[in-house]
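To start, the structure under review is shown below, and the notes come after it.
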Amino acid sequence: MIAQEFSTALPRFCALSALWGLCYFERMATIKNLECSRCHKTVSAGSPQTLCPECSGSLYVRYDLQPLRGAAARDEMVRQAAAEPWSGLWRYRPVLPEAKPVTLGEGWTPMLASRRFPNVFLKEEGANPTGTFKARGMALAVTMARHYGLKKLAVPSAGNAAGALAAYAAAAGIEAHIFMPKDVPFANYVEAMVYGANINLVDGLISDCGRIVAERKQKEGWFDISTLKEPFRVEGKKTMGYELVEQLGWEYPDAVFYPTGGGVGLIGMWKAFAELEELGWVRPGKRPRMVVAQSSGCAPVVRAFEQGANVSQMWQNAATFAAGLRVPKPYADYIILDILRESGGIAVALSDQQILASLKDWAQHEGIFLSPEGAAATAAYDHLLATGFLKPSDRVVLFNTGAGLKYTDVTAEAMGLQRPAN
Ligand SMILES: Cc1ncc(COP(=O)(O)O)c(C=O)c1O
Ligand SMILES: [Zn+2]
């Protein structure tokens with residue numbers, strides 16, 4: 001009887017697998033609505049949305065998580081993922097929007113134990129397609145763009161979001177219009193060219209790029225997927241929160257270190273923790289202290305945090321070789337600052353010299369070539385151990401948000417390296 005039930009269930013499963021290209025879950029959370037992070041107004045997710053129509057706050061995707069509550073649904077999700085050749089972040093499909101994924105193999109990145117610090121884990125996001133965690137957000141944003149039938153997407157970027165959009169848009173057959181500073185790491189320019197994106201190099205920073213997108217989008221028919229100005233990049237990034245908890249045995253660490261530009265990952269992880277608690281999937285315990293790492297060449301969140309402010313001020317003359325951290329005023333600064341305070345966390349600025357020293361330290365003692373942004377997180381860890389904010393016994397996760405190899409030009413310049421002449 002059981003065998004028969006199984007054999008009739010199997011073709012349905014396989015047919016749907018083929019249809020979606022990935023697994024099909026019996027139990028899914030359905031989207032209830034989108035909710036403003038500031039005034040809590042709700043909006044339908046039935047059509048593409050950007051910001052709250054009342055107050056321009058960022059919108060969160062809200063689900064009915066009821067059908068997935070409890071360990072049984074969680075274990076079913078794990079079993080399902082194990083039965084597939086590859087699922088990546090789509091192992092969390094039950095808590096993601098129901099749409100056919102545009103995937104390039106993103107997510108489920110290694111959680112590496114440090115060789116030197118017994119309680120330190122490095123989440124290696126350089127293993128993602130396009131070499132950074134931006135792939136997670138763009139996988140979801142482009143999946144939903146295709147689902148809604150959008151044809152032209154535009155993004156202002158510090159570099160890596162542009163590369164990721166270019167890749168996912170190419171995979172989905174959607175136009176990508178990217179705006180990034182003209183001095184982005186060269187890899188960002190090359191990848192965008194290779195993927196066939198429409199590239200606009202701007203003499204300025206991501207904030208200038210954002211202004212241009214805002215000015216032109218209506219006339220050009222672009223859908224703007226700027227950081228925190230549409231709801232689905234956060235959904236992609238929230239999978240980092242699910243993953244780190246699952247990889248630590250469904251337990252919270254004591255602290256999470258996140259190199260922060262626009263803050264999508266931090267906000268996404270915090271959302272994941274709230275969902276995990278509602279689902280009953282994480283062992284009861286205190287949420288991690290969230291640590292924002294920035295460069296002292298562009299540290300608007302650190303300054304606002306230290307001043308006790310609710311929002312940041314535009315950082316003048318932002319400059320750092322950690323290109324992804326050159327965000328002079330994050331749009332959702334009010335959410336980042338809230339999370340820092342609620343979690344008992346802290347925001348730390350490191351000089352480029354400290355960042356470079358930590359980058360070399362991890363390369364030479366751990367065999368890991370960090371991105372400069374990731375090295376801001378490792379440098380922040382050293383700093384907070386030295387100040388006593390954290391103890392060596394605290395279990396921490398440091399995010400290396402990108403592969404060091406995407407930065408050979410800027411890192412070589414920071415090290416004063418030149419190709420030897422023959
Ligand atoms: C490698 C890397 N790390 C960190 C960041 C900052 O990310 P977020 O905007 O989510 O704070 C970026 C942004 O471009 C990045 O490219
Ligand atoms: Zn609102």
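Simple scheme: letters A, B, ... for chains in structure tokens order, numbers from 1 for residues in each chain, numbers from 1 for ligands in the order shown.
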
Please tabulate, as a Markdown table, the residues of region 128-232 of chain A that come within 10 Å of region 258-277 of chain A, each with its closest pair of atoms and the distance in Å to one decimal, counting only C-alpha atoms and ordering rows by chain, then residue number upward.
| residue | atom | partner | partner_atom | distance |
| --- | --- | --- | --- | --- |
| A:Phe133 | CA | A:Gly265 | CA | 8.5 |
| A:Lys134 | CA | A:Gly265 | CA | 9.0 |
| A:Arg136 | CA | A:Gly265 | CA | 9.6 |
| A:Gly137 | CA | A:Val264 | CA | 8.4 |
| A:Ser157 | CA | A:Gly262 | CA | 10.0 |
| A:Ala158 | CA | A:Gly261 | CA | 8.9 |
| A:Ser226 | CA | A:Gly262 | CA | 9.7 |
| A:Thr227 | CA | A:Gly262 | CA | 6.5 |
| A:Leu228 | CA | A:Val264 | CA | 6.8 |
| A:Phe232 | CA | A:Gly268 | CA | 9.9 |

Residues as selected, N, CA, C and O atoms, written as a PDB file, in the first residue's frame, can you do that?
ATOM      1  N   PHE A 133      27.922  37.368  -2.534  1.00  0.00           N
ATOM      2  CA  PHE A 133      26.582  37.128  -1.962  1.00  0.00           C
ATOM      3  C   PHE A 133      25.492  37.903  -2.691  1.00  0.00           C
ATOM      4  O   PHE A 133      24.312  37.668  -2.464  1.00  0.00           O
ATOM      5  N   LYS A 134      25.875  38.832  -3.561  1.00  0.00           N
ATOM      6  CA  LYS A 134      24.864  39.603  -4.305  1.00  0.00           C
ATOM      7  C   LYS A 134      24.029  38.671  -5.185  1.00  0.00           C
ATOM      8  O   LYS A 134      22.912  39.010  -5.567  1.00  0.00           O
ATOM      9  N   ARG A 136      22.575  36.034  -4.326  1.00  0.00           N
ATOM     10  CA  ARG A 136      21.358  35.590  -3.627  1.00  0.00           C
ATOM     11  C   ARG A 136      20.204  36.572  -3.862  1.00  0.00           C
ATOM     12  O   ARG A 136      19.077  36.175  -4.177  1.00  0.00           O
ATOM     13  N   GLY A 137      20.495  37.849  -3.656  1.00  0.00           N
ATOM     14  CA  GLY A 137      19.453  38.858  -3.808  1.00  0.00           C
ATOM     15  C   GLY A 137      18.971  38.952  -5.245  1.00  0.00           C
ATOM     16  O   GLY A 137      17.765  39.066  -5.514  1.00  0.00           O
ATOM     17  N   SER A 157      24.760  50.478  -8.465  1.00  0.00           N
ATOM     18  CA  SER A 157      25.530  49.452  -7.759  1.00  0.00           C
ATOM     19  C   SER A 157      26.927  49.940  -7.434  1.00  0.00           C
ATOM     20  O   SER A 157      27.509  50.741  -8.170  1.00  0.00           O
ATOM     21  N   ALA A 158      27.480  49.395  -6.340  1.00  0.00           N
ATOM     22  CA  ALA A 158      28.889  49.635  -6.041  1.00  0.00           C
ATOM     23  C   ALA A 158      29.775  48.712  -6.883  1.00  0.00           C
ATOM     24  O   ALA A 158      30.987  48.814  -6.843  1.00  0.00           O
ATOM     25  N   SER A 226      16.886  48.890  -7.023  1.00  0.00           N
ATOM     26  CA  SER A 226      17.854  49.441  -6.068  1.00  0.00           C
ATOM     27  C   SER A 226      17.727  48.757  -4.712  1.00  0.00           C
ATOM     28  O   SER A 226      16.627  48.361  -4.309  1.00  0.00           O
ATOM     29  N   THR A 227      18.845  48.739  -3.995  1.00  0.00           N
ATOM     30  CA  THR A 227      18.889  48.220  -2.628  1.00  0.00           C
ATOM     31  C   THR A 227      17.736  48.733  -1.771  1.00  0.00           C
ATOM     32  O   THR A 227      17.579  49.948  -1.617  1.00  0.00           O
ATOM     33  N   LEU A 228      16.952  47.813  -1.246  1.00  0.00           N
ATOM     34  CA  LEU A 228      15.839  48.115  -0.325  1.00  0.00           C
ATOM     35  C   LEU A 228      14.723  48.955  -0.949  1.00  0.00           C
ATOM     36  O   LEU A 228      13.876  49.475  -0.241  1.00  0.00           O
ATOM     37  N   PHE A 232      12.323  41.947  -2.924  1.00  0.00           N
ATOM     38  CA  PHE A 232      12.749  40.554  -3.080  1.00  0.00           C
ATOM     39  C   PHE A 232      14.251  40.314  -2.934  1.00  0.00           C
ATOM     40  O   PHE A 232      14.671  39.174  -2.705  1.00  0.00           O
TER      41      PHE A 232
END

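Taking only C-alpha atoms and all ligand atoms into account, the residues that come within 7 Å of ligand 2 are Cys36, Ser37, Arg38, Cys39, His40, Lys41, Cys52, Pro53, Glu54, Cys55, Ser56 and Gly57 of chain A.
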
Could you give me the residues within region 35-264 of chain A that DSSP places in helix (DSSP H, G or I), as a VMD selection string? chain A and resid 66 to 68 71 to 82 88 to 95 125 to 127 129 to 131 134 to 148 160 to 172 186 to 195 206 to 220 232 to 247 264

Please list as a VMD selection string every residue within 12 Å of Leu384 (chain A), counting only C-alpha atoms and excluding residues in the same chain fewer than 5 positions away. chain A and resid 255 257 291 to 293 345 to 350 377 to 379 389 to 392 394 396

Those same residues - C-alpha atoms - I'd like them written as an mmCIF file, in the first residue's frame.
data_model
loop_
_atom_site.group_PDB
_atom_site.id
_atom_site.type_symbol
_atom_site.label_atom_id
_atom_site.label_comp_id
_atom_site.auth_asym_id
_atom_site.auth_seq_id
_atom_site.Cartn_x
_atom_site.Cartn_y
_atom_site.Cartn_z
ATOM 1 C CA ALA A 255 27.471 37.344 17.060
ATOM 2 C CA PHE A 257 29.780 40.172 11.565
ATOM 3 C CA VAL A 291 28.038 43.705 14.103
ATOM 4 C CA VAL A 292 28.284 46.215 11.276
ATOM 5 C CA ALA A 293 31.773 46.508 9.790
ATOM 6 C CA GLY A 345 25.271 44.834 18.569
ATOM 7 C CA ILE A 346 27.764 47.444 17.507
ATOM 8 C CA ALA A 347 29.074 49.256 14.432
ATOM 9 C CA VAL A 348 32.826 49.398 13.870
ATOM 10 C CA ALA A 349 34.936 51.368 11.391
ATOM 11 C CA LEU A 350 38.310 49.974 10.310
ATOM 12 C CA ALA A 377 34.558 41.824 9.095
ATOM 13 C CA THR A 378 37.632 39.839 10.159
ATOM 14 C CA ALA A 379 39.398 43.047 11.216
ATOM 15 C CA PHE A 389 33.232 43.480 23.528
ATOM 16 C CA LEU A 390 33.531 39.782 22.654
ATOM 17 C CA LYS A 391 35.329 36.932 24.364
ATOM 18 C CA PRO A 392 37.284 34.182 22.584
ATOM 19 C CA ASP A 394 31.857 33.571 21.948
ATOM 20 C CA VAL A 396 30.785 34.063 15.914
#

In terms of the shortest atom-to-atom distance over only C-alpha atoms, which of A:Pro253, A:Gly163, A:Gly297, A:Gly107 is closest to Val120 (chain A)? A:Pro253

When you look at Ile225 (chain A) with a cut-off of 12 Å (counting only C-alpha atoms), what residues show up, excluding the ones that are within fewer than 6 positions of it in the same chain? I need them as a PyMOL selection string. chain A and resi 48-51+58+137-138+140-142+144-145+150+152-157+161-162+165+176-179+210+213-214+217+231-234

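In this comparison, which uses only C-alpha atoms and all ligand atoms, the residue of A:Ala29, A:Ala81, A:Ile206, A:Ala421 approaching ligand 1 most closely is A:Ile206.
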
Using DSSP secondary structure from the backbone, list all strand (DSSP E or B) positions within region 165-278 of chain A, as a PyMOL selection string. chain A and resi 175-181+198-202+223-224+255-259

At a cut-off of 9 Å, using only C-alpha atoms, what residues contact Gly404 (chain A)? Leave out same-chain residues fewer than 2 positions from it and give the result as a VMD selection string. chain A and resid 126 131 359 368 to 372 374 402 406 to 408 411

Just the selected residues (all heavy atoms), exported as an mmCIF file, in the first residue's frame, please.
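again09.cif, written as the output of this step:
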data_model
loop_
_atom_site.group_PDB
_atom_site.id
_atom_site.type_symbol
_atom_site.label_atom_id
_atom_site.label_comp_id
_atom_site.auth_asym_id
_atom_site.auth_seq_id
_atom_site.Cartn_x
_atom_site.Cartn_y
_atom_site.Cartn_z
ATOM 1 N N GLY A 126 32.070 33.950 -1.239
ATOM 2 C CA GLY A 126 32.776 34.010 -2.522
ATOM 3 C C GLY A 126 32.459 32.807 -3.398
ATOM 4 O O GLY A 126 32.738 32.811 -4.596
ATOM 5 N N GLY A 131 30.727 35.288 -7.783
ATOM 6 C CA GLY A 131 31.733 35.462 -6.735
ATOM 7 C C GLY A 131 31.344 36.290 -5.536
ATOM 8 O O GLY A 131 32.219 36.640 -4.736
ATOM 9 N N LEU A 359 43.249 41.068 5.700
ATOM 10 C CA LEU A 359 43.144 40.307 4.447
ATOM 11 C C LEU A 359 44.386 39.418 4.270
ATOM 12 O O LEU A 359 44.290 38.224 3.964
ATOM 13 C CB LEU A 359 42.980 41.299 3.296
ATOM 14 C CG LEU A 359 42.645 40.765 1.902
ATOM 15 C CD1 LEU A 359 41.826 41.804 1.123
ATOM 16 C CD2 LEU A 359 43.879 40.422 1.101
ATOM 17 N N ILE A 368 42.716 31.624 2.947
ATOM 18 C CA ILE A 368 41.469 32.187 2.400
ATOM 19 C C ILE A 368 41.736 33.601 1.900
ATOM 20 O O ILE A 368 42.188 34.462 2.670
ATOM 21 C CB ILE A 368 40.365 32.205 3.478
ATOM 22 C CG1 ILE A 368 40.048 30.775 3.914
ATOM 23 C CG2 ILE A 368 39.109 32.910 2.963
ATOM 24 C CD1 ILE A 368 39.148 30.675 5.129
ATOM 25 N N PHE A 369 41.451 33.814 0.619
ATOM 26 C CA PHE A 369 41.648 35.136 0.008
ATOM 27 C C PHE A 369 40.332 35.897 0.128
ATOM 28 O O PHE A 369 39.412 35.700 -0.662
ATOM 29 C CB PHE A 369 42.064 34.943 -1.454
ATOM 30 C CG PHE A 369 42.510 36.195 -2.182
ATOM 31 C CD1 PHE A 369 43.022 36.087 -3.476
ATOM 32 C CD2 PHE A 369 42.436 37.460 -1.607
ATOM 33 C CE1 PHE A 369 43.440 37.222 -4.179
ATOM 34 C CE2 PHE A 369 42.844 38.601 -2.289
ATOM 35 C CZ PHE A 369 43.344 38.469 -3.580
ATOM 36 N N LEU A 370 40.250 36.728 1.151
ATOM 37 C CA LEU A 370 39.019 37.478 1.422
ATOM 38 C C LEU A 370 38.854 38.628 0.446
ATOM 39 O O LEU A 370 39.840 39.184 -0.053
ATOM 40 C CB LEU A 370 39.071 38.082 2.826
ATOM 41 C CG LEU A 370 39.233 37.135 4.010
ATOM 42 C CD1 LEU A 370 39.544 37.940 5.269
ATOM 43 C CD2 LEU A 370 37.968 36.309 4.195
ATOM 44 N N SER A 371 37.613 39.036 0.250
ATOM 45 C CA SER A 371 37.374 40.327 -0.385
ATOM 46 C C SER A 371 37.741 41.396 0.644
ATOM 47 O O SER A 371 37.740 41.119 1.855
ATOM 48 C CB SER A 371 35.896 40.457 -0.746
ATOM 49 O OG SER A 371 35.090 40.335 0.415
ATOM 50 N N PRO A 372 38.030 42.620 0.196
ATOM 51 C CA PRO A 372 38.300 43.674 1.181
ATOM 52 C C PRO A 372 37.115 43.870 2.143
ATOM 53 O O PRO A 372 37.323 44.132 3.325
ATOM 54 C CB PRO A 372 38.517 44.921 0.318
ATOM 55 C CG PRO A 372 38.934 44.396 -1.025
ATOM 56 C CD PRO A 372 38.238 43.080 -1.193
ATOM 57 N N GLY A 374 35.029 41.517 3.176
ATOM 58 C CA GLY A 374 35.112 40.416 4.139
ATOM 59 C C GLY A 374 36.215 40.668 5.154
ATOM 60 O O GLY A 374 36.082 40.346 6.345
ATOM 61 N N GLY A 402 32.505 38.232 -0.485
ATOM 62 C CA GLY A 402 32.916 38.075 -1.879
ATOM 63 C C GLY A 402 34.285 37.416 -1.994
ATOM 64 O O GLY A 402 35.056 37.359 -1.025
ATOM 65 N N LYS A 406 38.080 38.675 -7.088
ATOM 66 C CA LYS A 406 37.401 39.698 -7.899
ATOM 67 C C LYS A 406 38.086 41.056 -7.774
ATOM 68 O O LYS A 406 37.731 41.990 -8.473
ATOM 69 C CB LYS A 406 35.935 39.847 -7.462
ATOM 70 C CG LYS A 406 35.020 38.808 -8.050
ATOM 71 C CD LYS A 406 33.551 39.188 -7.924
ATOM 72 C CE LYS A 406 33.011 39.853 -9.177
ATOM 73 N NZ LYS A 406 31.529 40.023 -9.073
ATOM 74 N N TYR A 407 39.060 41.135 -6.880
ATOM 75 C CA TYR A 407 39.637 42.441 -6.510
ATOM 76 C C TYR A 407 41.129 42.513 -6.768
ATOM 77 O O TYR A 407 41.824 43.233 -6.062
ATOM 78 C CB TYR A 407 39.398 42.710 -5.023
ATOM 79 C CG TYR A 407 37.950 42.821 -4.635
ATOM 80 C CD1 TYR A 407 37.183 41.686 -4.433
ATOM 81 C CD2 TYR A 407 37.346 44.060 -4.475
ATOM 82 C CE1 TYR A 407 35.853 41.776 -4.075
ATOM 83 C CE2 TYR A 407 36.021 44.163 -4.112
ATOM 84 C CZ TYR A 407 35.277 43.012 -3.918
ATOM 85 O OH TYR A 407 33.966 43.120 -3.563
ATOM 86 N N THR A 408 41.623 41.765 -7.730
ATOM 87 C CA THR A 408 43.086 41.740 -7.889
ATOM 88 C C THR A 408 43.641 43.135 -8.161
ATOM 89 O O THR A 408 44.709 43.486 -7.667
ATOM 90 C CB THR A 408 43.504 40.779 -9.018
ATOM 91 O OG1 THR A 408 42.735 41.098 -10.160
ATOM 92 C CG2 THR A 408 43.291 39.331 -8.625
ATOM 93 N N THR A 411 43.285 45.350 -4.803
ATOM 94 C CA THR A 411 44.127 44.818 -3.721
ATOM 95 C C THR A 411 45.607 44.994 -4.082
ATOM 96 O O THR A 411 46.424 45.351 -3.226
ATOM 97 C CB THR A 411 43.776 43.348 -3.426
ATOM 98 O OG1 THR A 411 42.396 43.297 -3.077
ATOM 99 C CG2 THR A 411 44.591 42.784 -2.282
#

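For the set A:Gln313, A:Asn33, A:Asn160, A:Gln247, the residue with the smallest atom-to-atom gap to ligand 1 is A:Asn160, counting only C-alpha atoms and all ligand atoms.
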
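The interatomic distance for the pair CA of Val78 (chain A) and CA of His147 (chain A) works out to 25.8 Å.
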
Contacts of Ala304 (chain A) within 10 Å, only C-alpha atoms, excl. fewer than 4 positions in-chain, as number ranges by chain: A: 299-300, 308-313, 333-334, 337, 347

Written selection (N, CA, C and O atoms) as a PDB file, in the first residue's frame:
ATOM      1  N   ALA A 299      31.839  55.531   6.629  1.00  0.00           N
ATOM      2  CA  ALA A 299      31.255  54.850   7.789  1.00  0.00           C
ATOM      3  C   ALA A 299      30.007  55.565   8.315  1.00  0.00           C
ATOM      4  O   ALA A 299      29.917  55.905   9.501  1.00  0.00           O
ATOM      5  N   PRO A 300      29.019  55.785   7.446  1.00  0.00           N
ATOM      6  CA  PRO A 300      27.839  56.538   7.901  1.00  0.00           C
ATOM      7  C   PRO A 300      27.059  55.820   9.001  1.00  0.00           C
ATOM      8  O   PRO A 300      26.516  56.480   9.899  1.00  0.00           O
ATOM      9  N   GLY A 308      23.953  57.891  18.458  1.00  0.00           N
ATOM     10  CA  GLY A 308      22.611  57.552  18.944  1.00  0.00           C
ATOM     11  C   GLY A 308      21.512  58.037  18.012  1.00  0.00           C
ATOM     12  O   GLY A 308      20.357  58.195  18.428  1.00  0.00           O
ATOM     13  N   ALA A 309      21.849  58.262  16.746  1.00  0.00           N
ATOM     14  CA  ALA A 309      20.862  58.784  15.782  1.00  0.00           C
ATOM     15  C   ALA A 309      20.023  57.640  15.202  1.00  0.00           C
ATOM     16  O   ALA A 309      20.438  56.482  15.222  1.00  0.00           O
ATOM     17  N   ASN A 310      18.849  58.001  14.694  1.00  0.00           N
ATOM     18  CA  ASN A 310      17.968  56.985  14.085  1.00  0.00           C
ATOM     19  C   ASN A 310      18.214  56.812  12.598  1.00  0.00           C
ATOM     20  O   ASN A 310      17.774  55.821  12.003  1.00  0.00           O
ATOM     21  N   VAL A 311      18.845  57.808  11.993  1.00  0.00           N
ATOM     22  CA  VAL A 311      19.197  57.718  10.572  1.00  0.00           C
ATOM     23  C   VAL A 311      20.627  58.231  10.392  1.00  0.00           C
ATOM     24  O   VAL A 311      21.162  58.888  11.287  1.00  0.00           O
ATOM     25  N   SER A 312      21.204  57.919   9.235  1.00  0.00           N
ATOM     26  CA  SER A 312      22.589  58.363   8.998  1.00  0.00           C
ATOM     27  C   SER A 312      22.588  59.665   8.197  1.00  0.00           C
ATOM     28  O   SER A 312      21.581  60.051   7.621  1.00  0.00           O
ATOM     29  N   GLN A 313      23.733  60.287   8.163  1.00  0.00           N
ATOM     30  CA  GLN A 313      23.935  61.476   7.323  1.00  0.00           C
ATOM     31  C   GLN A 313      24.817  61.077   6.148  1.00  0.00           C
ATOM     32  O   GLN A 313      25.690  60.221   6.299  1.00  0.00           O
ATOM     33  N   ASP A 333      18.858  52.901   6.352  1.00  0.00           N
ATOM     34  CA  ASP A 333      19.684  53.094   7.561  1.00  0.00           C
ATOM     35  C   ASP A 333      18.865  52.954   8.837  1.00  0.00           C
ATOM     36  O   ASP A 333      19.340  52.426   9.847  1.00  0.00           O
ATOM     37  N   TYR A 334      17.592  53.399   8.799  1.00  0.00           N
ATOM     38  CA  TYR A 334      16.762  53.340  10.018  1.00  0.00           C
ATOM     39  C   TYR A 334      16.531  51.896  10.462  1.00  0.00           C
ATOM     40  O   TYR A 334      16.433  51.622  11.663  1.00  0.00           O
ATOM     41  N   LEU A 337      20.011  50.538  11.937  1.00  0.00           N
ATOM     42  CA  LEU A 337      20.295  51.081  13.277  1.00  0.00           C
ATOM     43  C   LEU A 337      19.381  50.458  14.329  1.00  0.00           C
ATOM     44  O   LEU A 337      19.808  50.159  15.447  1.00  0.00           O
ATOM     45  N   ALA A 347      28.570  48.912  15.767  1.00  0.00           N
ATOM     46  CA  ALA A 347      29.074  49.256  14.432  1.00  0.00           C
ATOM     47  C   ALA A 347      30.522  49.703  14.570  1.00  0.00           C
ATOM     48  O   ALA A 347      30.834  50.523  15.436  1.00  0.00           O
TER      49      ALA A 347
END

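Among the candidates A:Lys360, A:Arg79, A:Arg419, A:Lys237, the residue lying nearest to ligand 1 is A:Lys237 (atoms considered: only C-alpha atoms and all ligand atoms).
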
Using only C-alpha atoms, which of the listed residues (A:Gln218, A:Thr30, A:Thr130, A:Ser114) sits closest to Leu96 (chain A)? A:Thr30

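For the choices A:Asp183, A:Arg93, A:Gly236, A:Gly70, the atom-to-atom distance to Ala139 (chain A) is smallest for A:Gly236 when using only C-alpha atoms.
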
Determine, counting only C-alpha atoms, which protein, DNA and RNA residues have an atom within 10 Å of an atom of Phe321 (chain A); residues of the same chain fewer than 5 positions away are not included. Present the result as JSON, numbers by chain. {"A": [184, 185, 295, 297, 326, 352, 353, 355, 356, 371, 372, 373, 407, 409, 410, 411, 413, 414]}

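Across the structure, CA of Ala187 (chain A) and CA of Pro101 (chain A) are spaced 26.1 Å apart.
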